[in-house]
Structure formats: C-alpha cells, structure tokens
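J.: Sharing model-v9.cif (mmCIF, C-alpha atoms and all ligand atoms) below.
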```
data_model
#
loop_
_atom_site.label_atom_id
_atom_site.label_comp_id
_atom_site.auth_asym_id
_atom_site.auth_seq_id
_atom_site.Cartn_x
_atom_site.Cartn_y
_atom_site.Cartn_z
CA MET A 1 16.52 2.70 -10.64
CA THR A 2 14.39 0.20 -8.79
CA GLU A 3 11.76 0.53 -6.08
CA CYS A 4 12.28 -1.39 -2.86
CA LYS A 5 9.72 -4.17 -2.44
CA GLU A 6 9.74 -3.60 1.33
CA CYS A 7 9.77 0.17 1.99
CA GLY A 8 9.07 1.53 -1.49
CA LYS A 9 12.25 3.59 -1.58
CA VAL A 10 13.92 4.02 -4.94
CA TYR A 11 17.44 2.66 -4.91
CA GLU A 12 20.31 2.10 -7.30
CA ILE A 13 22.25 -0.67 -5.60
CA GLY A 14 20.23 -2.99 -3.39
CA VAL A 15 19.80 -6.56 -2.27
CA LYS A 16 17.55 -8.70 -4.48
CA ASP A 17 14.30 -6.70 -4.72
CA CYS A 18 15.07 -4.46 -1.74
CA CYS A 19 17.07 -1.27 -1.14
CA SER A 20 19.14 -2.71 1.67
CA ASP A 21 20.04 -5.91 3.46
CA ASP A 22 17.77 -4.76 6.29
CA CYS A 23 14.72 -4.46 4.03
CA PHE A 24 15.58 -7.73 2.34
CA LYS A 25 15.64 -9.50 5.72
CA LYS A 26 12.32 -7.89 6.68
CA ASN A 27 10.83 -9.01 3.39
CA ILE A 28 12.07 -12.58 3.90
CA GLN A 29 10.82 -12.58 7.52
CA LYS A 30 7.37 -11.58 6.29
CA ARG A 31 7.30 -14.56 3.98
CA ILE A 32 8.47 -16.85 6.80
CA ASP A 33 5.78 -15.47 9.13
CA GLU A 34 3.14 -16.13 6.49
CA ALA A 35 4.41 -19.68 6.01
CA VAL A 36 4.43 -20.29 9.77
CA GLU A 37 0.91 -18.86 10.04
CA ASN A 38 -0.31 -21.30 7.41
CA ASP A 39 1.56 -24.06 9.15
CA THR A 40 0.02 -23.20 12.54
CA SER A 41 -3.54 -23.19 11.22
CA HIS A 42 -2.84 -26.50 9.55
CA THR A 43 -1.46 -27.94 12.80
CA LYS A 44 -4.49 -26.63 14.72
CA LYS A 45 -6.77 -28.39 12.29
CA ILE A 46 -4.92 -31.67 12.85
CA SER A 47 -4.92 -31.42 16.67
CA ARG A 48 -8.64 -30.60 16.58
CA GLU A 49 -9.26 -33.82 14.74
CA ASP A 50 -7.15 -35.72 17.30
CA SER A 51 -9.10 -34.45 20.34
ZN ZN A 101 13.82 -0.66 1.54
#
```
Would you mind writing the file's structure down as structure tokens?
Ligand SMILES: [Zn+2]

T.:
Amino acid sequence: MTECKECGKVYEIGVKDCCSDDCFKKNIQKRIDEAVENDTSHTKKISREDS
C-alpha cells in the first residue's frame, strides 16, 4: 500500500504518487503554480530593470 503524496490517504491503486486522478491533478497544479510564481518574480525583476 502507498500513501498519497497529495492528501496522505493510503491507497492500493492510484495515479502516479497519488490515490486518485483528482489528487494527481492537484499535485501537478501545485507544481505549476510554484513554477509560475518563480516565473512571475523573475519577470518582475526584469521589468523593474527596464523602468
Ligand atoms: Zn489523495
């Protein structure tokens, strides 16, 4: 049995490291949000230099 990386639930058949497709999508979205956040701060830095 494996523990879901998203909600911590123990599951037998899941998606990747998550118990369900829903948790897997949430987990992926979190990673996207983090990437976008990094991207935004990077963009801010650039525009600050421009102005
Ligand atoms: Zn889950």

J.: Which residues are near ligand ZN 101 (chain A) - at most 10 Å, using all atoms listed in the file? Format: as a list in words.

T.: Glu3, Cys4, Lys5, Glu6, Cys7, Gly8, Lys9, Val10, Tyr11, Gly14, Val15, Asp17, Cys18, Cys19, Ser20, Asp21, Asp22, Cys23, Phe24, Lys25, Lys26 and Asn27 of chain A

J.: Give me, please, the distance in Å between CA of Met1 (chain A) and CA of Lys30 (chain A), quoted to one decimal.

T.: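 So the answer is 24.0 Å.
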
J.: Tell me, in Å to one decimal, how far CA of Ser47 (chain A) is from CA of Ile28 (chain A).

T.: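 Rounded to one decimal, the two atoms are 28.4 Å apart.
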
J.: To one decimal place, how far is CA of Gln29 (chain A) from CA of Lys16 (chain A) in Å?

T.: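 We find that CA of Gln29 (chain A) and CA of Lys16 (chain A) lie 14.3 Å from each other.
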
J.: Could N, CA and C atoms be built for region 24-44 of chain A and written out as an mmCIF file, keeping the file's coordinate frame?

T.:
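Produced file selection_1.cif, reproduced below:
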```cif
data_model
loop_
_atom_site.group_PDB
_atom_site.id
_atom_site.type_symbol
_atom_site.label_atom_id
_atom_site.label_comp_id
_atom_site.auth_asym_id
_atom_site.auth_seq_id
_atom_site.Cartn_x
_atom_site.Cartn_y
_atom_site.Cartn_z
ATOM 1 N N PHE A 24 15.631 -6.389 2.913
ATOM 2 C CA PHE A 24 15.580 -7.730 2.340
ATOM 3 C C PHE A 24 15.258 -8.746 3.432
ATOM 4 N N LYS A 25 15.890 -8.583 4.598
ATOM 5 C CA LYS A 25 15.640 -9.500 5.720
ATOM 6 C C LYS A 25 14.199 -9.377 6.196
ATOM 7 N N LYS A 26 13.698 -8.124 6.257
ATOM 8 C CA LYS A 26 12.320 -7.890 6.680
ATOM 9 C C LYS A 26 11.367 -8.575 5.719
ATOM 10 N N ASN A 27 11.666 -8.431 4.424
ATOM 11 C CA ASN A 27 10.830 -9.010 3.390
ATOM 12 C C ASN A 27 10.815 -10.537 3.509
ATOM 13 N N ILE A 28 11.958 -11.130 3.746
ATOM 14 C CA ILE A 28 12.070 -12.580 3.900
ATOM 15 C C ILE A 28 11.312 -13.019 5.158
ATOM 16 N N GLN A 29 11.474 -12.251 6.257
ATOM 17 C CA GLN A 29 10.820 -12.580 7.520
ATOM 18 C C GLN A 29 9.308 -12.592 7.349
ATOM 19 N N LYS A 30 8.790 -11.653 6.550
ATOM 20 C CA LYS A 30 7.370 -11.580 6.290
ATOM 21 C C LYS A 30 6.879 -12.862 5.649
ATOM 22 N N ARG A 31 7.662 -13.325 4.689
ATOM 23 C CA ARG A 31 7.300 -14.560 3.980
ATOM 24 C C ARG A 31 7.363 -15.747 4.927
ATOM 25 N N ILE A 32 8.343 -15.758 5.828
ATOM 26 C CA ILE A 32 8.470 -16.850 6.800
ATOM 27 C C ILE A 32 7.266 -16.822 7.737
ATOM 28 N N ASP A 33 6.914 -15.611 8.220
ATOM 29 C CA ASP A 33 5.780 -15.470 9.130
ATOM 30 C C ASP A 33 4.500 -15.995 8.481
ATOM 31 N N GLU A 34 4.322 -15.662 7.205
ATOM 32 C CA GLU A 34 3.140 -16.130 6.490
ATOM 33 C C GLU A 34 3.135 -17.641 6.409
ATOM 34 N N ALA A 35 4.290 -18.222 6.126
ATOM 35 C CA ALA A 35 4.410 -19.680 6.010
ATOM 36 C C ALA A 35 4.129 -20.334 7.347
ATOM 37 N N VAL A 36 4.642 -19.751 8.430
ATOM 38 C CA VAL A 36 4.430 -20.290 9.770
ATOM 39 C C VAL A 36 2.953 -20.197 10.138
ATOM 40 N N GLU A 37 2.315 -19.071 9.757
ATOM 41 C CA GLU A 37 0.910 -18.860 10.040
ATOM 42 C C GLU A 37 0.072 -19.962 9.381
ATOM 43 N N ASN A 38 0.389 -20.239 8.132
ATOM 44 C CA ASN A 38 -0.310 -21.300 7.410
ATOM 45 C C ASN A 38 -0.071 -22.641 8.080
ATOM 46 N N ASP A 39 1.160 -22.821 8.507
ATOM 47 C CA ASP A 39 1.560 -24.060 9.150
ATOM 48 C C ASP A 39 0.811 -24.246 10.463
ATOM 49 N N THR A 40 0.685 -23.158 11.242
ATOM 50 C CA THR A 40 0.020 -23.200 12.540
ATOM 51 C C THR A 40 -1.456 -23.554 12.374
ATOM 52 N N SER A 41 -2.129 -22.912 11.411
ATOM 53 C CA SER A 41 -3.540 -23.190 11.220
ATOM 54 C C SER A 41 -3.743 -24.622 10.763
ATOM 55 N N HIS A 42 -2.772 -25.111 10.020
ATOM 56 C CA HIS A 42 -2.840 -26.500 9.550
ATOM 57 C C HIS A 42 -2.678 -27.461 10.736
ATOM 58 N N THR A 43 -1.719 -27.106 11.635
ATOM 59 C CA THR A 43 -1.460 -27.940 12.800
ATOM 60 C C THR A 43 -2.692 -27.941 13.726
ATOM 61 N N LYS A 44 -3.303 -26.752 13.878
ATOM 62 C CA LYS A 44 -4.490 -26.630 14.720
ATOM 63 C C LYS A 44 -5.594 -27.559 14.222
#
```
